[in-house]
Structures are given as structure tokens and as C-alpha cells.
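Structure first, commentary second.
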Amino acid sequence: MSFLRRRSAATPAGPDFDVLAMDPGDWPGNLGAGLLPAPDGSCQGVFLRYDLFGGRGPAMIIGNLPEGSPARETEEGQVPFEVAQLLLALENDEPVEVTGSEDVPVMQGDSLLIVRRVKLSESRISCVQFDRSDGVLVTIASWDRPITDDLYALLKPLPAELFQQG
């Protein structure tokens with residue numbers, strides 16, 4: 001995944017890192033993007049919410065959190081930020097916790113990716129995480145559909161224009 005790199009623009013339009021996700025043009029339904037701002041105005045992460053259910057709630061959330069982002073810090077048993085956002089968007093207030101994890105090797109093109117499958121107490125949520133070569137943690141949380149290995153081939157850096165305010 002060496003094609004991923006930090007951007008070095010003096011005044012970034014959005015995050016100062018490439019956001020790895022699925023191109024919204026390749027998927028039906030609605031896409032929402034959220035930036036996690038720090039008090040100094042820098043971007044502490046990006047999450048994309050894919051609503052494939054036609055307004056009945058998101059099917060998937062993909063987060064990109066750089067090193068040092070407070071959203072990466074979780075207590076023992078606490079769900080990743082993206083899972084919490086998915087539950088919030090689905091208006092599901094049942095308690096969910098992490099019950100374990102498993103590292104799985106996945107081939108992505110010619111590269112080997114070590115994917116951490118996060119096991120949760122809510123069986124309808126699938127969650128995986130992997131670290132990119134630039135230190136950004138990618139988390140995918142999916143509602144009521146499994147995350148299969150072919151999903152990783154669909155992930156690519158999205159254009160910075162997608163995150164510009166205007």
C-alpha cells in the first residue's frame with residue numbers, strides 16, 4: 001500500500017492524509033462524509049457513511065484515523081469509533097462490546113495486508129481494521145452484511161475535492 005502518502009500542502013482543503021474508501025460513484029444509495037476536527041483546526045480523522053438501504057440507515061461506515069487521533073483510543077472491550085457511529089446512525093442503543101479479535105492475512109493485488117477482524121457482542125455488525133503504510137488506521141463497520149476479502153480490492157484513495165468545503 002505504498003501508494004498512500006501524507007499530503008504536504010500548506011493549507012489542506014480537508015484531511016492532510018489520503019482517505020482510503022470505496023468510490024461513492026461505484027455504489028448506489030447515499031454517501032455522507034464526516035471530518036473529526038481537533039481544537040487547532042487540523043483533521044483528526046474522516047469517516048464515510050454509505051447508506052445502501054435507501055434512507056433506512058447506513059449499511060457501512062469506513063473510517064480513516066491518523067496516528068494521534070483521540071478516536072483511535074478505546075478502553076478494553078469498547079467498540080471502535082466507526083462501530084459507535086454506525087450504532088448511533090441506526091438509533092440502536094443496545095450495549096455492544098468487543099469480545100475478541102483475530103488477525104487474518106489478505107492479499108490485495110501484490111501486497112499482503114494483515115486485517116484484524118473485530119468480534120462484537122452484536123452479531124449483525126461486522127468490523128475489520130488494518131494499518132496503512134502511512135500510519136492511518138482504516139476501520140470498516142458493516143450492518144447486517146459480512147465483510148468479505150473482495151471488498152479490499154474496491155478500496156482506493158478518494159480525491160481531495162470530495163472533502164472541500166464550499
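Chain lettering (A, B, ...) mirrors the order of the C-alpha cells, residue numbering begins at 1 for each chain separately, and ligand numbering begins at 1 in order of display.
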Select from range 82-138 of chain A every residue with an atom at most 10 Å from any atom of range 153-157 of chain A, then for each give the shortest pair of atoms and their distance in Å to one decimal, using only C-alpha atoms, rows by chain and rising number, as a tab-separated table.
residue	atom	partner	partner_atom	distance
A:Met107	CA	A:Ala153	CA	9.1
A:Gln108	CA	A:Ala153	CA	6.2
A:Gly109	CA	A:Ala153	CA	7.6
Within 9 Å of range 136-150 of chain A: each range 67-97 of chain A residue with its shortest pair, only C-alpha atoms, as a tab-separated table:
residue	atom	partner	partner_atom	distance
A:Glu67	CA	A:Val136	CA	6.1
A:Arg72	CA	A:Leu137	CA	8.0
A:Pro80	CA	A:Thr139	CA	7.9
A:Phe81	CA	A:Thr139	CA	8.6
A:Glu82	CA	A:Ala141	CA	6.1
A:Val83	CA	A:Ala141	CA	5.6
A:Leu86	CA	A:Ala141	CA	7.2
A:Leu87	CA	A:Trp143	CA	8.9
Prev. selection, N, CA, C and O atoms, output as a compact mmCIF listing (two decimals), in the first residue's frame:
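Writing the result to again04.txt gives the following:
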# COMPACT_ATOMS: atom_id res chain seq x y z
N GLU A 67 -2.42 8.57 13.07
CA GLU A 67 -1.77 8.40 14.37
C GLU A 67 -2.03 9.63 15.23
O GLU A 67 -2.03 10.75 14.74
N ARG A 72 -8.99 6.97 18.01
CA ARG A 72 -8.34 5.65 17.96
C ARG A 72 -8.21 5.03 19.34
O ARG A 72 -8.03 3.82 19.46
N PRO A 80 -14.82 0.12 18.40
CA PRO A 80 -14.17 1.18 17.63
C PRO A 80 -15.13 2.33 17.33
O PRO A 80 -16.35 2.15 17.29
N PHE A 81 -14.56 3.50 17.10
CA PHE A 81 -15.32 4.72 16.80
C PHE A 81 -16.36 4.49 15.70
O PHE A 81 -17.50 4.92 15.81
N GLU A 82 -15.97 3.80 14.64
CA GLU A 82 -16.85 3.59 13.49
C GLU A 82 -18.06 2.73 13.85
O GLU A 82 -19.17 2.95 13.36
N VAL A 83 -17.86 1.75 14.72
CA VAL A 83 -18.98 0.92 15.18
C VAL A 83 -19.94 1.77 16.00
O VAL A 83 -21.16 1.69 15.84
N LEU A 86 -21.95 3.84 13.64
CA LEU A 86 -22.94 3.01 12.96
C LEU A 86 -24.14 2.77 13.87
O LEU A 86 -25.30 2.93 13.45
N LEU A 87 -23.89 2.43 15.12
CA LEU A 87 -24.98 2.20 16.08
C LEU A 87 -25.79 3.47 16.30
O LEU A 87 -27.02 3.43 16.38
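Here CA of Phe17 in chain A is placed at a distance of 25.5 Å from CA of Val104 in chain A.
We find CA of Asp131 in chain A and CA of Pro105 in chain A to be spaced 12.5 Å apart.
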List every residue of chain A that DSSP, applied to the backbone, labels as strand (DSSP E), and write the result as a count of residues only. 64
message: I'd like the neighbourhood of Pro24 in chain A as a PyMOL selection string, where a residue qualifies if any of its atoms comes within 10 Å (using only C-alpha atoms), though same-chain residues fewer than 4 positions away should be ignored.
response: chain A and resi 28-32+48-50+158+162
For Ser69 in chain A, list every protein, DNA or RNA residue within 12 Å, evaluated using only C-alpha atoms, and leave out those in the same chain fewer than 4 positions away; present the list as a list in words.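 Near Ser69 in chain A, the qualifying residues are Leu35, Leu36, Pro37, Ala38, Pro39, Ser42, Cys43, Gln44, Gly45, Val46, Gly63, Asn64, Leu65, Glu73, Thr74, Phe81, Gly135, Val136 and Leu137 of chain A.
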Expected file: the selected residues, N, CA and C atoms, as a PDB file, in the first residue's frame:
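To be explicit, this is the file written out as out_4.pdb:
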ATOM      1  N   LEU A  35     -15.771  14.845   9.041  1.00  0.00           N
ATOM      2  CA  LEU A  35     -14.396  15.121   9.444  1.00  0.00           C
ATOM      3  C   LEU A  35     -14.367  15.289  10.949  1.00  0.00           C
ATOM      4  N   LEU A  36     -13.336  14.762  11.597  1.00  0.00           N
ATOM      5  CA  LEU A  36     -13.170  14.911  13.040  1.00  0.00           C
ATOM      6  C   LEU A  36     -12.146  16.014  13.281  1.00  0.00           C
ATOM      7  N   PRO A  37     -12.587  17.223  13.660  1.00  0.00           N
ATOM      8  CA  PRO A  37     -11.643  18.329  13.835  1.00  0.00           C
ATOM      9  C   PRO A  37     -10.984  18.300  15.210  1.00  0.00           C
ATOM     10  N   ALA A  38      -9.749  18.765  15.243  1.00  0.00           N
ATOM     11  CA  ALA A  38      -9.041  18.978  16.505  1.00  0.00           C
ATOM     12  C   ALA A  38      -9.209  20.447  16.884  1.00  0.00           C
ATOM     13  N   PRO A  39      -8.967  20.810  18.131  1.00  0.00           N
ATOM     14  CA  PRO A  39      -9.095  22.216  18.539  1.00  0.00           C
ATOM     15  C   PRO A  39      -8.249  23.180  17.706  1.00  0.00           C
ATOM     16  N   SER A  42      -6.897  21.133  12.755  1.00  0.00           N
ATOM     17  CA  SER A  42      -6.412  20.032  11.927  1.00  0.00           C
ATOM     18  C   SER A  42      -7.453  18.908  11.893  1.00  0.00           C
ATOM     19  N   CYS A  43      -7.301  18.029  10.941  1.00  0.00           N
ATOM     20  CA  CYS A  43      -8.240  16.916  10.786  1.00  0.00           C
ATOM     21  C   CYS A  43      -7.700  15.699  11.522  1.00  0.00           C
ATOM     22  N   GLN A  44      -8.481  15.179  12.460  1.00  0.00           N
ATOM     23  CA  GLN A  44      -8.086  14.019  13.255  1.00  0.00           C
ATOM     24  C   GLN A  44      -8.701  12.723  12.739  1.00  0.00           C
ATOM     25  N   GLY A  45      -9.362  12.799  11.600  1.00  0.00           N
ATOM     26  CA  GLY A  45      -9.926  11.597  11.012  1.00  0.00           C
ATOM     27  C   GLY A  45     -11.078  11.923  10.091  1.00  0.00           C
ATOM     28  N   VAL A  46     -11.398  10.950   9.261  1.00  0.00           N
ATOM     29  CA  VAL A  46     -12.507  11.063   8.312  1.00  0.00           C
ATOM     30  C   VAL A  46     -13.290   9.770   8.391  1.00  0.00           C
ATOM     31  N   GLY A  63     -13.820   4.339   8.302  1.00  0.00           N
ATOM     32  CA  GLY A  63     -13.086   5.411   8.956  1.00  0.00           C
ATOM     33  C   GLY A  63     -11.616   5.377   8.616  1.00  0.00           C
ATOM     34  N   ASN A  64     -11.021   6.551   8.546  1.00  0.00           N
ATOM     35  CA  ASN A  64      -9.577   6.726   8.352  1.00  0.00           C
ATOM     36  C   ASN A  64      -9.091   7.621   9.479  1.00  0.00           C
ATOM     37  N   LEU A  65      -8.352   7.064  10.429  1.00  0.00           N
ATOM     38  CA  LEU A  65      -7.895   7.814  11.596  1.00  0.00           C
ATOM     39  C   LEU A  65      -6.376   7.811  11.651  1.00  0.00           C
ATOM     40  N   GLU A  73      -8.273   5.852  20.378  1.00  0.00           N
ATOM     41  CA  GLU A  73      -8.054   5.371  21.739  1.00  0.00           C
ATOM     42  C   GLU A  73      -9.347   4.797  22.304  1.00  0.00           C
ATOM     43  N   THR A  74      -9.331   3.502  22.567  1.00  0.00           N
ATOM     44  CA  THR A  74     -10.506   2.854  23.142  1.00  0.00           C
ATOM     45  C   THR A  74     -10.093   2.066  24.384  1.00  0.00           C
ATOM     46  N   PHE A  81     -14.561   3.501  17.095  1.00  0.00           N
ATOM     47  CA  PHE A  81     -15.320   4.716  16.804  1.00  0.00           C
ATOM     48  C   PHE A  81     -16.358   4.491  15.702  1.00  0.00           C
ATOM     49  N   GLY A 135       0.544   5.094   8.494  1.00  0.00           N
ATOM     50  CA  GLY A 135       0.146   5.205   9.893  1.00  0.00           C
ATOM     51  C   GLY A 135      -1.330   5.470  10.121  1.00  0.00           C
ATOM     52  N   VAL A 136      -2.134   5.504   9.071  1.00  0.00           N
ATOM     53  CA  VAL A 136      -3.574   5.726   9.216  1.00  0.00           C
ATOM     54  C   VAL A 136      -4.251   4.379   9.459  1.00  0.00           C
ATOM     55  N   LEU A 137      -5.134   4.344  10.444  1.00  0.00           N
ATOM     56  CA  LEU A 137      -5.912   3.151  10.758  1.00  0.00           C
ATOM     57  C   LEU A 137      -7.223   3.210   9.982  1.00  0.00           C
TER      58      LEU A 137
END
Quick one: pick out all alpha helix (DSSP H) residues within chain A from a backbone DSSP run and write them as an mmCIF file with N, CA, C and O atoms, in the first residue's frame.
data_model
loop_
_atom_site.group_PDB
_atom_site.id
_atom_site.type_symbol
_atom_site.label_atom_id
_atom_site.label_comp_id
_atom_site.auth_asym_id
_atom_site.auth_seq_id
_atom_site.Cartn_x
_atom_site.Cartn_y
_atom_site.Cartn_z
ATOM 1 N N PHE A 81 -14.561 3.501 17.095
ATOM 2 C CA PHE A 81 -15.320 4.716 16.804
ATOM 3 C C PHE A 81 -16.358 4.491 15.702
ATOM 4 O O PHE A 81 -17.505 4.925 15.808
ATOM 5 N N GLU A 82 -15.968 3.800 14.638
ATOM 6 C CA GLU A 82 -16.854 3.595 13.490
ATOM 7 C C GLU A 82 -18.062 2.727 13.854
ATOM 8 O O GLU A 82 -19.165 2.951 13.364
ATOM 9 N N VAL A 83 -17.860 1.749 14.717
ATOM 10 C CA VAL A 83 -18.976 0.920 15.181
ATOM 11 C C VAL A 83 -19.944 1.768 16.002
ATOM 12 O O VAL A 83 -21.159 1.685 15.838
ATOM 13 N N ALA A 84 -19.401 2.621 16.857
ATOM 14 C CA ALA A 84 -20.248 3.510 17.662
ATOM 15 C C ALA A 84 -21.047 4.451 16.759
ATOM 16 O O ALA A 84 -22.237 4.698 17.007
ATOM 17 N N GLN A 85 -20.416 4.967 15.693
ATOM 18 C CA GLN A 85 -21.121 5.841 14.751
ATOM 19 C C GLN A 85 -22.213 5.084 14.005
ATOM 20 O O GLN A 85 -23.289 5.624 13.760
ATOM 21 N N LEU A 86 -21.951 3.837 13.642
ATOM 22 C CA LEU A 86 -22.945 3.012 12.961
ATOM 23 C C LEU A 86 -24.144 2.770 13.873
ATOM 24 O O LEU A 86 -25.297 2.934 13.455
ATOM 25 N N LEU A 87 -23.889 2.428 15.121
ATOM 26 C CA LEU A 87 -24.979 2.199 16.079
ATOM 27 C C LEU A 87 -25.794 3.472 16.303
ATOM 28 O O LEU A 87 -27.023 3.426 16.378
ATOM 29 N N LEU A 88 -25.111 4.608 16.394
ATOM 30 C CA LEU A 88 -25.781 5.893 16.572
ATOM 31 C C LEU A 88 -26.676 6.205 15.375
ATOM 32 O O LEU A 88 -27.831 6.604 15.531
ATOM 33 N N ALA A 89 -26.163 5.993 14.177
ATOM 34 C CA ALA A 89 -26.926 6.278 12.962
ATOM 35 C C ALA A 89 -28.133 5.348 12.822
ATOM 36 O O ALA A 89 -29.172 5.742 12.297
#
| Hey, can you check how far CA of Cys127 in chain A sits from CA of Val19 in chain A? |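 Going from CA of Cys127 in chain A over to CA of Val19 in chain A covers 18.1 Å.
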>> Residues within 8 Å of Val96 in chain A, please, as number ranges by chain. Count only C-alpha atoms; anything in the same chain fewer than 4 positions from it doesn't count.
In response: A: 79, 120-122
Save out the residues we just selected, all heavy atoms, as a PDB file, in the first residue's frame.
ATOM      1  N   VAL A  79     -16.062  -0.555  21.744  1.00  0.00           N
ATOM      2  CA  VAL A  79     -16.119  -0.720  20.300  1.00  0.00           C
ATOM      3  C   VAL A  79     -15.333   0.390  19.602  1.00  0.00           C
ATOM      4  O   VAL A  79     -15.195   1.491  20.143  1.00  0.00           O
ATOM      5  CB  VAL A  79     -17.575  -0.737  19.776  1.00  0.00           C
ATOM      6  CG1 VAL A  79     -18.335  -1.920  20.355  1.00  0.00           C
ATOM      7  CG2 VAL A  79     -18.298   0.559  20.047  1.00  0.00           C
ATOM      8  N   LEU A 120     -17.647  -8.786  17.880  1.00  0.00           N
ATOM      9  CA  LEU A 120     -18.513  -7.957  18.720  1.00  0.00           C
ATOM     10  C   LEU A 120     -19.650  -8.779  19.310  1.00  0.00           C
ATOM     11  O   LEU A 120     -20.040  -9.820  18.768  1.00  0.00           O
ATOM     12  CB  LEU A 120     -19.084  -6.808  17.883  1.00  0.00           C
ATOM     13  CG  LEU A 120     -18.042  -5.903  17.226  1.00  0.00           C
ATOM     14  CD1 LEU A 120     -18.673  -5.051  16.153  1.00  0.00           C
ATOM     15  CD2 LEU A 120     -17.366  -5.045  18.266  1.00  0.00           C
ATOM     16  N   SER A 121     -20.220  -8.277  20.400  1.00  0.00           N
ATOM     17  CA  SER A 121     -21.345  -8.956  21.039  1.00  0.00           C
ATOM     18  C   SER A 121     -22.619  -8.864  20.193  1.00  0.00           C
ATOM     19  O   SER A 121     -23.532  -9.649  20.385  1.00  0.00           O
ATOM     20  CB  SER A 121     -21.580  -8.383  22.440  1.00  0.00           C
ATOM     21  OG  SER A 121     -21.850  -6.989  22.374  1.00  0.00           O
ATOM     22  N   GLU A 122     -22.690  -7.917  19.265  1.00  0.00           N
ATOM     23  CA  GLU A 122     -23.829  -7.791  18.336  1.00  0.00           C
ATOM     24  C   GLU A 122     -23.441  -8.482  17.030  1.00  0.00           C
ATOM     25  O   GLU A 122     -22.591  -7.989  16.288  1.00  0.00           O
ATOM     26  CB  GLU A 122     -24.156  -6.315  18.091  1.00  0.00           C
ATOM     27  CG  GLU A 122     -25.142  -6.028  16.979  1.00  0.00           C
ATOM     28  CD  GLU A 122     -26.459  -6.762  17.105  1.00  0.00           C
ATOM     29  OE1 GLU A 122     -27.306  -6.329  17.906  1.00  0.00           O
ATOM     30  OE2 GLU A 122     -26.652  -7.774  16.381  1.00  0.00           O
TER      31      GLU A 122
END
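Nearest to Glu102 in chain A of all the residues A:Val128, A:Ala33, A:Leu90, A:Ala59 is A:Val128, counting only C-alpha atoms.
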